[in-house]
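Worksheet: the structure to be examined is printed underneath.
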Amino acid sequence: MHDLYETIHRRRDVRGEFTGAPIADEVLERILMAAHAAPSVGLSQPWDFLLVRDPEVRGRFRDHVEQERAVFAAQLEGEAAERFARIKIDGVMESTLSVVVTYDADRGGPVVLGRHAIADAGLYSVCLAIQNLWLAATAEGLGVGWVSFYREDYLRSLLGIPQGVRPVAWLCLGPVTHLERVPDLERHGWRRRRPLDAVLHADKWGNPREAVLDPRG
C-alpha cells in the first residue's frame, strides 16, 4: 500500500530530465497494459495509443508546439512573461518516444451504458487510462510529460487520426536523470499548490469539513 502512495506523490510532469535512453520492450508493454486496464464507462475502452518514435514527425510537432508557445507568451506581461520564459514546456525531442492517447466517442456505441446523462464520461475514461500509464511509468522509474501546447486539428492531420477521433494527450515518455521533488511550475513560481482544506466541502458546497463533524470521530 505504501508503494502506491509513494508513486502517486513522486509522479511529476517531466520536461527537462529525459535522457533519451531506450525502454525495454517488456517495460513498455507493462506500462501500456496498465493504461489499457483502466476502467471505462460501459466498458467501451474508447482509447487508442499511438507510439511515435520517428524524429521527423516529432520534430514537426515540436515546431508546432513552439508556435503555440509564442501565441501564449504574447498574452503575458511583466513578471508573468519573465517567469514563463524560464519554463520548459515539453520534452518531445529529448524523450525516448511519445505516446499519443486518443478518444473515440463511437467506441461501444451507438448506446454506451452509463453515458446517456454525462456525455463526457467517455473522455473521463481516457483520462483514467492516461493516469494509469503515468503511474505505471513512474513505478518503473520512467518519466512522463503531458504536452498541451498544440491544436487538435494539427495533430490529427500530422498523425492521420480519423475525423471523429479526438487526440487527448501527447505524452513524452522515457528514462530520466531524476524526478524533481517539487513540480516545475511551483519551482518557477508560476503557481502554488492549494492545501486540501481549501478544496474540501462537507455535505454542501462552501461548508468546510469542520462544519459537519463525523459522528464516528
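In the C-alpha cells, chains take letters A, B, ... by order of appearance, with residues numbered from 1 within each chain and ligands from 1 in the order shown.
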Exercise. How would you write, as a PyMOL selection string, the set of residues in range 9-169 of chain A that DSSP gives as strand (DSSP E)?
Worked result: chain A and resi 47-52+97-104+142-147+165-169
Write the residues of the selection above to a file with C-alpha atoms, as a PDB file, in the first residue's frame.
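Full text of again.pdb as output:
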ATOM      1  CA  TRP A  47      -8.846   4.934 -26.177  1.00  0.00           C
ATOM      2  CA  ASP A  48      -6.094   4.186 -28.682  1.00  0.00           C
ATOM      3  CA  PHE A  49      -2.344   4.584 -28.144  1.00  0.00           C
ATOM      4  CA  LEU A  50      -0.112   5.844 -30.959  1.00  0.00           C
ATOM      5  CA  LEU A  51       3.607   5.289 -30.328  1.00  0.00           C
ATOM      6  CA  VAL A  52       5.616   7.995 -32.061  1.00  0.00           C
ATOM      7  CA  LEU A  97       9.333   8.207 -27.556  1.00  0.00           C
ATOM      8  CA  SER A  98       5.917   9.789 -27.420  1.00  0.00           C
ATOM      9  CA  VAL A  99       2.546   8.194 -26.766  1.00  0.00           C
ATOM     10  CA  VAL A 100      -0.481   9.951 -28.200  1.00  0.00           C
ATOM     11  CA  VAL A 101      -3.713   8.915 -26.498  1.00  0.00           C
ATOM     12  CA  THR A 102      -6.983   9.384 -28.382  1.00  0.00           C
ATOM     13  CA  TYR A 103     -10.714   9.228 -27.660  1.00  0.00           C
ATOM     14  CA  ASP A 104     -13.221   7.553 -29.972  1.00  0.00           C
ATOM     15  CA  LEU A 142      10.482   6.459 -16.012  1.00  0.00           C
ATOM     16  CA  GLY A 143       9.215   9.975 -16.590  1.00  0.00           C
ATOM     17  CA  VAL A 144       6.139  11.256 -18.428  1.00  0.00           C
ATOM     18  CA  GLY A 145       5.419  14.748 -19.716  1.00  0.00           C
ATOM     19  CA  TRP A 146       1.986  15.839 -20.992  1.00  0.00           C
ATOM     20  CA  VAL A 147       2.337  18.383 -23.816  1.00  0.00           C
ATOM     21  CA  VAL A 165     -11.392  10.546 -33.084  1.00  0.00           C
ATOM     22  CA  ARG A 166     -10.072  13.149 -30.669  1.00  0.00           C
ATOM     23  CA  PRO A 167      -6.378  13.401 -29.723  1.00  0.00           C
ATOM     24  CA  VAL A 168      -6.461  13.895 -25.962  1.00  0.00           C
ATOM     25  CA  ALA A 169      -2.799  13.812 -24.931  1.00  0.00           C
TER      26      ALA A 169
END
Applying 12 Å and only C-alpha atoms, which residues near Glu29 in chain A remain after dropping the ones on its own chain fewer than 4 positions away? List them as a ChimeraX atom specification. /A:23-25,33-36,49,51,133,136-137,140
Give me every helix (DSSP H, G or I) residue in range 47-206 of chain A, going by DSSP on the backbone, as a PDB file with N, CA, C and O atoms, in the first residue's frame.
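Saved the output as result.pdb:
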ATOM      1  N   PRO A  55      11.827  10.677 -35.657  1.00  0.00           N
ATOM      2  CA  PRO A  55      12.349  12.005 -35.309  1.00  0.00           C
ATOM      3  C   PRO A  55      11.763  13.121 -36.172  1.00  0.00           C
ATOM      4  O   PRO A  55      11.575  14.245 -35.689  1.00  0.00           O
ATOM      5  N   GLU A  56      11.472  12.818 -37.436  1.00  0.00           N
ATOM      6  CA  GLU A  56      10.907  13.861 -38.313  1.00  0.00           C
ATOM      7  C   GLU A  56       9.505  14.252 -37.857  1.00  0.00           C
ATOM      8  O   GLU A  56       9.183  15.447 -37.795  1.00  0.00           O
ATOM      9  N   VAL A  57       8.690  13.270 -37.532  1.00  0.00           N
ATOM     10  CA  VAL A  57       7.336  13.557 -37.058  1.00  0.00           C
ATOM     11  C   VAL A  57       7.393  14.313 -35.736  1.00  0.00           C
ATOM     12  O   VAL A  57       6.687  15.311 -35.534  1.00  0.00           O
ATOM     13  N   ARG A  58       8.249  13.869 -34.863  1.00  0.00           N
ATOM     14  CA  ARG A  58       8.372  14.542 -33.565  1.00  0.00           C
ATOM     15  C   ARG A  58       8.897  15.964 -33.740  1.00  0.00           C
ATOM     16  O   ARG A  58       8.474  16.892 -33.045  1.00  0.00           O
ATOM     17  N   GLY A  59       9.806  16.141 -34.679  1.00  0.00           N
ATOM     18  CA  GLY A  59      10.335  17.477 -34.938  1.00  0.00           C
ATOM     19  C   GLY A  59       9.274  18.422 -35.465  1.00  0.00           C
ATOM     20  O   GLY A  59       9.222  19.599 -35.074  1.00  0.00           O
ATOM     21  N   ARG A  60       8.413  17.932 -36.332  1.00  0.00           N
ATOM     22  CA  ARG A  60       7.340  18.766 -36.855  1.00  0.00           C
ATOM     23  C   ARG A  60       6.368  19.150 -35.745  1.00  0.00           C
ATOM     24  O   ARG A  60       5.891  20.287 -35.682  1.00  0.00           O
ATOM     25  N   PHE A  61       6.089  18.186 -34.874  1.00  0.00           N
ATOM     26  CA  PHE A  61       5.211  18.501 -33.750  1.00  0.00           C
ATOM     27  C   PHE A  61       5.871  19.506 -32.817  1.00  0.00           C
ATOM     28  O   PHE A  61       5.225  20.445 -32.344  1.00  0.00           O
ATOM     29  N   ARG A  62       7.165  19.329 -32.569  1.00  0.00           N
ATOM     30  CA  ARG A  62       7.894  20.263 -31.696  1.00  0.00           C
ATOM     31  C   ARG A  62       7.856  21.678 -32.260  1.00  0.00           C
ATOM     32  O   ARG A  62       7.679  22.643 -31.512  1.00  0.00           O
ATOM     33  N   ASP A  63       7.976  21.825 -33.568  1.00  0.00           N
ATOM     34  CA  ASP A  63       7.886  23.152 -34.189  1.00  0.00           C
ATOM     35  C   ASP A  63       6.508  23.762 -33.955  1.00  0.00           C
ATOM     36  O   ASP A  63       6.378  24.966 -33.679  1.00  0.00           O
ATOM     37  N   HIS A  64       5.475  22.940 -34.059  1.00  0.00           N
ATOM     38  CA  HIS A  64       4.111  23.414 -33.806  1.00  0.00           C
ATOM     39  C   HIS A  64       3.953  23.848 -32.349  1.00  0.00           C
ATOM     40  O   HIS A  64       3.327  24.882 -32.054  1.00  0.00           O
ATOM     41  N   VAL A  65       4.517  23.074 -31.435  1.00  0.00           N
ATOM     42  CA  VAL A  65       4.463  23.424 -30.012  1.00  0.00           C
ATOM     43  C   VAL A  65       5.119  24.778 -29.762  1.00  0.00           C
ATOM     44  O   VAL A  65       4.604  25.608 -29.007  1.00  0.00           O
ATOM     45  N   GLU A  66       6.258  25.021 -30.415  1.00  0.00           N
ATOM     46  CA  GLU A  66       6.950  26.296 -30.245  1.00  0.00           C
ATOM     47  C   GLU A  66       6.098  27.455 -30.762  1.00  0.00           C
ATOM     48  O   GLU A  66       6.090  28.553 -30.170  1.00  0.00           O
ATOM     49  N   GLN A  67       5.381  27.236 -31.852  1.00  0.00           N
ATOM     50  CA  GLN A  67       4.489  28.275 -32.367  1.00  0.00           C
ATOM     51  C   GLN A  67       3.382  28.588 -31.365  1.00  0.00           C
ATOM     52  O   GLN A  67       3.052  29.759 -31.129  1.00  0.00           O
ATOM     53  N   GLU A  68       2.832  27.546 -30.766  1.00  0.00           N
ATOM     54  CA  GLU A  68       1.772  27.756 -29.782  1.00  0.00           C
ATOM     55  C   GLU A  68       2.309  28.367 -28.486  1.00  0.00           C
ATOM     56  O   GLU A  68       1.606  29.118 -27.811  1.00  0.00           O
ATOM     57  N   ARG A  69       3.551  28.050 -28.171  1.00  0.00           N
ATOM     58  CA  ARG A  69       4.166  28.701 -27.011  1.00  0.00           C
ATOM     59  C   ARG A  69       4.226  30.210 -27.228  1.00  0.00           C
ATOM     60  O   ARG A  69       3.943  30.999 -26.325  1.00  0.00           O
ATOM     61  N   ALA A  70       4.603  30.612 -28.433  1.00  0.00           N
ATOM     62  CA  ALA A  70       4.691  32.041 -28.757  1.00  0.00           C
ATOM     63  C   ALA A  70       3.315  32.702 -28.679  1.00  0.00           C
ATOM     64  O   ALA A  70       3.198  33.851 -28.228  1.00  0.00           O
ATOM     65  N   VAL A  71       2.270  31.984 -29.103  1.00  0.00           N
ATOM     66  CA  VAL A  71       0.909  32.529 -29.018  1.00  0.00           C
ATOM     67  C   VAL A  71       0.535  32.790 -27.561  1.00  0.00           C
ATOM     68  O   VAL A  71      -0.011  33.842 -27.217  1.00  0.00           O
ATOM     69  N   PHE A  72       0.844  31.831 -26.685  1.00  0.00           N
ATOM     70  CA  PHE A  72       0.530  32.009 -25.270  1.00  0.00           C
ATOM     71  C   PHE A  72       1.386  33.105 -24.647  1.00  0.00           C
ATOM     72  O   PHE A  72       0.887  33.944 -23.888  1.00  0.00           O
ATOM     73  N   ALA A  73       2.669  33.132 -24.977  1.00  0.00           N
ATOM     74  CA  ALA A  73       3.581  34.120 -24.397  1.00  0.00           C
ATOM     75  C   ALA A  73       3.155  35.540 -24.735  1.00  0.00           C
ATOM     76  O   ALA A  73       3.357  36.472 -23.931  1.00  0.00           O
ATOM     77  N   GLY A  78       5.034  41.612 -18.044  1.00  0.00           N
ATOM     78  CA  GLY A  78       5.752  41.801 -16.794  1.00  0.00           C
ATOM     79  C   GLY A  78       6.353  40.540 -16.219  1.00  0.00           C
ATOM     80  O   GLY A  78       6.969  39.742 -16.929  1.00  0.00           O
ATOM     81  N   GLU A  79       6.151  40.352 -14.906  1.00  0.00           N
ATOM     82  CA  GLU A  79       6.752  39.217 -14.208  1.00  0.00           C
ATOM     83  C   GLU A  79       6.243  37.878 -14.733  1.00  0.00           C
ATOM     84  O   GLU A  79       6.996  36.911 -14.788  1.00  0.00           O
ATOM     85  N   ALA A  80       4.976  37.842 -15.120  1.00  0.00           N
ATOM     86  CA  ALA A  80       4.434  36.589 -15.657  1.00  0.00           C
ATOM     87  C   ALA A  80       5.166  36.194 -16.930  1.00  0.00           C
ATOM     88  O   ALA A  80       5.497  35.017 -17.133  1.00  0.00           O
ATOM     89  N   ALA A  81       5.446  37.148 -17.788  1.00  0.00           N
ATOM     90  CA  ALA A  81       6.181  36.874 -19.027  1.00  0.00           C
ATOM     91  C   ALA A  81       7.596  36.402 -18.724  1.00  0.00           C
ATOM     92  O   ALA A  81       8.110  35.478 -19.375  1.00  0.00           O
ATOM     93  N   GLU A  82       8.225  37.017 -17.741  1.00  0.00           N
ATOM     94  CA  GLU A  82       9.579  36.622 -17.367  1.00  0.00           C
ATOM     95  C   GLU A  82       9.613  35.210 -16.788  1.00  0.00           C
ATOM     96  O   GLU A  82      10.509  34.418 -17.098  1.00  0.00           O
ATOM     97  N   ARG A  83       8.629  34.883 -15.948  1.00  0.00           N
ATOM     98  CA  ARG A  83       8.572  33.536 -15.371  1.00  0.00           C
ATOM     99  C   ARG A  83       8.355  32.493 -16.463  1.00  0.00           C
ATOM    100  O   ARG A  83       9.011  31.452 -16.480  1.00  0.00           O
ATOM    101  N   PHE A  84       7.426  32.781 -17.367  1.00  0.00           N
ATOM    102  CA  PHE A  84       7.131  31.808 -18.407  1.00  0.00           C
ATOM    103  C   PHE A  84       8.326  31.582 -19.331  1.00  0.00           C
ATOM    104  O   PHE A  84       8.553  30.463 -19.798  1.00  0.00           O
ATOM    105  N   ALA A  85       9.096  32.611 -19.566  1.00  0.00           N
ATOM    106  CA  ALA A  85      10.270  32.477 -20.437  1.00  0.00           C
ATOM    107  C   ALA A  85      11.270  31.471 -19.885  1.00  0.00           C
ATOM    108  O   ALA A  85      12.046  30.882 -20.645  1.00  0.00           O
ATOM    109  N   ALA A 121     -18.393  11.298 -20.100  1.00  0.00           N
ATOM    110  CA  ALA A 121     -17.924  10.151 -19.321  1.00  0.00           C
ATOM    111  C   ALA A 121     -16.887   9.339 -20.099  1.00  0.00           C
ATOM    112  O   ALA A 121     -15.962   8.771 -19.513  1.00  0.00           O
ATOM    113  N   GLY A 122     -17.017   9.279 -21.420  1.00  0.00           N
ATOM    114  CA  GLY A 122     -16.027   8.573 -22.230  1.00  0.00           C
ATOM    115  C   GLY A 122     -14.680   9.263 -22.209  1.00  0.00           C
ATOM    116  O   GLY A 122     -13.630   8.604 -22.133  1.00  0.00           O
ATOM    117  N   LEU A 123     -14.695  10.579 -22.269  1.00  0.00           N
ATOM    118  CA  LEU A 123     -13.450  11.346 -22.189  1.00  0.00           C
ATOM    119  C   LEU A 123     -12.790  11.154 -20.829  1.00  0.00           C
ATOM    120  O   LEU A 123     -11.563  11.017 -20.733  1.00  0.00           O
ATOM    121  N   TYR A 124     -13.596  11.115 -19.776  1.00  0.00           N
ATOM    122  CA  TYR A 124     -13.042  10.861 -18.442  1.00  0.00           C
ATOM    123  C   TYR A 124     -12.367   9.488 -18.402  1.00  0.00           C
ATOM    124  O   TYR A 124     -11.329   9.311 -17.747  1.00  0.00           O
ATOM    125  N   SER A 125     -12.942   8.518 -19.100  1.00  0.00           N
ATOM    126  CA  SER A 125     -12.348   7.183 -19.135  1.00  0.00           C
ATOM    127  C   SER A 125     -10.952   7.228 -19.745  1.00  0.00           C
ATOM    128  O   SER A 125     -10.026   6.568 -19.252  1.00  0.00           O
ATOM    129  N   VAL A 126     -10.791   8.002 -20.810  1.00  0.00           N
ATOM    130  CA  VAL A 126      -9.472   8.139 -21.437  1.00  0.00           C
ATOM    131  C   VAL A 126      -8.481   8.755 -20.452  1.00  0.00           C
ATOM    132  O   VAL A 126      -7.314   8.334 -20.378  1.00  0.00           O
ATOM    133  N   CYS A 127      -8.936   9.726 -19.675  1.00  0.00           N
ATOM    134  CA  CYS A 127      -8.047  10.351 -18.693  1.00  0.00           C
ATOM    135  C   CYS A 127      -7.619   9.352 -17.620  1.00  0.00           C
ATOM    136  O   CYS A 127      -6.493   9.426 -17.109  1.00  0.00           O
ATOM    137  N   LEU A 128      -8.493   8.408 -17.283  1.00  0.00           N
ATOM    138  CA  LEU A 128      -8.113   7.363 -16.336  1.00  0.00           C
ATOM    139  C   LEU A 128      -7.025   6.470 -16.924  1.00  0.00           C
ATOM    140  O   LEU A 128      -6.087   6.062 -16.218  1.00  0.00           O
ATOM    141  N   ALA A 129      -7.119   6.177 -18.229  1.00  0.00           N
ATOM    142  CA  ALA A 129      -6.076   5.382 -18.880  1.00  0.00           C
ATOM    143  C   ALA A 129      -4.748   6.132 -18.865  1.00  0.00           C
ATOM    144  O   ALA A 129      -3.677   5.542 -18.644  1.00  0.00           O
ATOM    145  N   ILE A 130      -4.808   7.438 -19.075  1.00  0.00           N
ATOM    146  CA  ILE A 130      -3.592   8.258 -19.045  1.00  0.00           C
ATOM    147  C   ILE A 130      -2.973   8.239 -17.654  1.00  0.00           C
ATOM    148  O   ILE A 130      -1.757   8.092 -17.502  1.00  0.00           O
ATOM    149  N   GLN A 131      -3.803   8.376 -16.638  1.00  0.00           N
ATOM    150  CA  GLN A 131      -3.277   8.346 -15.269  1.00  0.00           C
ATOM    151  C   GLN A 131      -2.653   6.987 -14.950  1.00  0.00           C
ATOM    152  O   GLN A 131      -1.591   6.914 -14.314  1.00  0.00           O
ATOM    153  N   ASN A 132      -3.303   5.903 -15.382  1.00  0.00           N
ATOM    154  CA  ASN A 132      -2.714   4.582 -15.178  1.00  0.00           C
ATOM    155  C   ASN A 132      -1.343   4.483 -15.832  1.00  0.00           C
ATOM    156  O   ASN A 132      -0.383   3.971 -15.247  1.00  0.00           O
ATOM    157  N   LEU A 133      -1.250   4.960 -17.070  1.00  0.00           N
ATOM    158  CA  LEU A 133       0.024   4.933 -17.789  1.00  0.00           C
ATOM    159  C   LEU A 133       1.084   5.722 -17.022  1.00  0.00           C
ATOM    160  O   LEU A 133       2.224   5.267 -16.857  1.00  0.00           O
ATOM    161  N   TRP A 134       0.702   6.892 -16.533  1.00  0.00           N
ATOM    162  CA  TRP A 134       1.636   7.784 -15.841  1.00  0.00           C
ATOM    163  C   TRP A 134       2.157   7.155 -14.556  1.00  0.00           C
ATOM    164  O   TRP A 134       3.361   7.182 -14.281  1.00  0.00           O
ATOM    165  N   LEU A 135       1.250   6.578 -13.778  1.00  0.00           N
ATOM    166  CA  LEU A 135       1.677   5.968 -12.517  1.00  0.00           C
ATOM    167  C   LEU A 135       2.517   4.721 -12.761  1.00  0.00           C
ATOM    168  O   LEU A 135       3.494   4.467 -12.046  1.00  0.00           O
ATOM    169  N   ALA A 136       2.138   3.926 -13.770  1.00  0.00           N
ATOM    170  CA  ALA A 136       2.926   2.744 -14.086  1.00  0.00           C
ATOM    171  C   ALA A 136       4.330   3.134 -14.525  1.00  0.00           C
ATOM    172  O   ALA A 136       5.324   2.511 -14.120  1.00  0.00           O
ATOM    173  N   ALA A 137       4.439   4.168 -15.360  1.00  0.00           N
ATOM    174  CA  ALA A 137       5.747   4.631 -15.805  1.00  0.00           C
ATOM    175  C   ALA A 137       6.580   5.113 -14.624  1.00  0.00           C
ATOM    176  O   ALA A 137       7.780   4.830 -14.525  1.00  0.00           O
ATOM    177  N   THR A 138       5.946   5.832 -13.704  1.00  0.00           N
ATOM    178  CA  THR A 138       6.659   6.309 -12.517  1.00  0.00           C
ATOM    179  C   THR A 138       7.152   5.135 -11.678  1.00  0.00           C
ATOM    180  O   THR A 138       8.287   5.134 -11.195  1.00  0.00           O
ATOM    181  N   ALA A 139       6.306   4.126 -11.513  1.00  0.00           N
ATOM    182  CA  ALA A 139       6.700   2.941 -10.746  1.00  0.00           C
ATOM    183  C   ALA A 139       7.860   2.212 -11.414  1.00  0.00           C
ATOM    184  O   ALA A 139       8.669   1.566 -10.737  1.00  0.00           O
ATOM    185  N   GLU A 152      -5.667  20.533 -31.837  1.00  0.00           N
ATOM    186  CA  GLU A 152      -6.087  19.165 -32.123  1.00  0.00           C
ATOM    187  C   GLU A 152      -6.143  18.873 -33.623  1.00  0.00           C
ATOM    188  O   GLU A 152      -5.773  17.773 -34.051  1.00  0.00           O
ATOM    189  N   ASP A 153      -6.604  19.816 -34.406  1.00  0.00           N
ATOM    190  CA  ASP A 153      -6.684  19.581 -35.851  1.00  0.00           C
ATOM    191  C   ASP A 153      -5.311  19.352 -36.456  1.00  0.00           C
ATOM    192  O   ASP A 153      -5.146  18.532 -37.365  1.00  0.00           O
ATOM    193  N   TYR A 154      -4.312  20.096 -35.962  1.00  0.00           N
ATOM    194  CA  TYR A 154      -2.957  19.908 -36.476  1.00  0.00           C
ATOM    195  C   TYR A 154      -2.455  18.501 -36.149  1.00  0.00           C
ATOM    196  O   TYR A 154      -1.905  17.810 -37.012  1.00  0.00           O
ATOM    197  N   LEU A 155      -2.654  18.075 -34.916  1.00  0.00           N
ATOM    198  CA  LEU A 155      -2.163  16.766 -34.510  1.00  0.00           C
ATOM    199  C   LEU A 155      -2.913  15.651 -35.246  1.00  0.00           C
ATOM    200  O   LEU A 155      -2.317  14.647 -35.645  1.00  0.00           O
ATOM    201  N   ARG A 156      -4.199  15.844 -35.451  1.00  0.00           N
ATOM    202  CA  ARG A 156      -4.978  14.851 -36.190  1.00  0.00           C
ATOM    203  C   ARG A 156      -4.422  14.698 -37.607  1.00  0.00           C
ATOM    204  O   ARG A 156      -4.256  13.584 -38.116  1.00  0.00           O
ATOM    205  N   SER A 157      -4.099  15.817 -38.237  1.00  0.00           N
ATOM    206  CA  SER A 157      -3.548  15.781 -39.590  1.00  0.00           C
ATOM    207  C   SER A 157      -2.145  15.175 -39.595  1.00  0.00           C
ATOM    208  O   SER A 157      -1.814  14.359 -40.462  1.00  0.00           O
ATOM    209  N   LEU A 158      -1.321  15.545 -38.639  1.00  0.00           N
ATOM    210  CA  LEU A 158       0.063  15.074 -38.587  1.00  0.00           C
ATOM    211  C   LEU A 158       0.136  13.554 -38.471  1.00  0.00           C
ATOM    212  O   LEU A 158       0.987  12.917 -39.111  1.00  0.00           O
ATOM    213  N   LEU A 159      -0.741  12.962 -37.674  1.00  0.00           N
ATOM    214  CA  LEU A 159      -0.677  11.528 -37.399  1.00  0.00           C
ATOM    215  C   LEU A 159      -1.724  10.718 -38.160  1.00  0.00           C
ATOM    216  O   LEU A 159      -1.819   9.505 -37.966  1.00  0.00           O
ATOM    217  N   ASP A 184       7.617  21.530 -11.453  1.00  0.00           N
ATOM    218  CA  ASP A 184       8.256  22.638 -12.156  1.00  0.00           C
ATOM    219  C   ASP A 184       7.543  23.970 -11.948  1.00  0.00           C
ATOM    220  O   ASP A 184       8.191  24.996 -11.712  1.00  0.00           O
ATOM    221  N   LEU A 185       6.226  23.993 -12.091  1.00  0.00           N
ATOM    222  CA  LEU A 185       5.516  25.272 -12.016  1.00  0.00           C
ATOM    223  C   LEU A 185       5.598  25.882 -10.625  1.00  0.00           C
ATOM    224  O   LEU A 185       5.596  27.110 -10.479  1.00  0.00           O
ATOM    225  N   GLU A 186       5.698  25.049  -9.608  1.00  0.00           N
ATOM    226  CA  GLU A 186       5.920  25.569  -8.257  1.00  0.00           C
ATOM    227  C   GLU A 186       7.351  26.073  -8.108  1.00  0.00           C
ATOM    228  O   GLU A 186       7.595  27.135  -7.526  1.00  0.00           O
ATOM    229  N   ARG A 187       8.303  25.315  -8.634  1.00  0.00           N
ATOM    230  CA  ARG A 187       9.709  25.711  -8.514  1.00  0.00           C
ATOM    231  C   ARG A 187       9.970  27.042  -9.213  1.00  0.00           C
ATOM    232  O   ARG A 187      10.775  27.848  -8.756  1.00  0.00           O
ATOM    233  N   LEU A 196      -5.355  20.826   0.823  1.00  0.00           N
ATOM    234  CA  LEU A 196      -6.574  20.031   0.712  1.00  0.00           C
ATOM    235  C   LEU A 196      -7.771  20.731   1.320  1.00  0.00           C
ATOM    236  O   LEU A 196      -8.875  20.720   0.753  1.00  0.00           O
ATOM    237  N   ASP A 197      -7.600  21.368   2.484  1.00  0.00           N
ATOM    238  CA  ASP A 197      -8.731  22.009   3.156  1.00  0.00           C
ATOM    239  C   ASP A 197      -9.366  23.098   2.304  1.00  0.00           C
ATOM    240  O   ASP A 197     -10.552  23.412   2.473  1.00  0.00           O
ATOM    241  N   ALA A 198      -8.609  23.682   1.372  1.00  0.00           N
ATOM    242  CA  ALA A 198      -9.148  24.754   0.534  1.00  0.00           C
ATOM    243  C   ALA A 198     -10.111  24.232  -0.520  1.00  0.00           C
ATOM    244  O   ALA A 198     -10.873  25.013  -1.110  1.00  0.00           O
ATOM    245  N   VAL A 199     -10.108  22.929  -0.765  1.00  0.00           N
ATOM    246  CA  VAL A 199     -10.962  22.364  -1.814  1.00  0.00           C
ATOM    247  C   VAL A 199     -11.911  21.299  -1.268  1.00  0.00           C
ATOM    248  O   VAL A 199     -12.532  20.574  -2.039  1.00  0.00           O
TER     249      VAL A 199
END
Here CA of Leu171 in chain A and CA of Pro22 in chain A stand apart by 16.0 Å
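The interatomic distance for the pair CA of Ser95 in chain A and CA of Pro175 in chain A works out to 7.6 Å.
One distance worth recording is that between CA of Phe18 in chain A and CA of Cys172 in chain A, which is 9.0 Å.
Among the candidate residues A:His116, A:Arg181, A:Arg86, A:Arg151, the one lying nearest to Arg12 in chain A is A:Arg181, with distances computed using only C-alpha atoms.
Minimum distance to Arg10 in chain A across A:Pro195, A:Gly91, A:Gly109, A:Gly141 (counting only C-alpha atoms) occurs at A:Gly141.
Comparing A:Pro162, A:Val41, A:Ile87, A:Thr96 by their smallest distance to Gly189 in chain A, the closest is A:Ile87 (using only C-alpha atoms).
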Between A:Gly174, A:Gly206, A:Gly114, A:Gly160, smallest distance to Leu43 in chain A by only C-alpha atoms belongs to A:Gly114
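Between Ala21 in chain A and the residues A:Gly108, A:Glu210, A:Asp120, A:Glu94, the shortest atom-to-atom distance, using only C-alpha atoms, involves A:Glu94.
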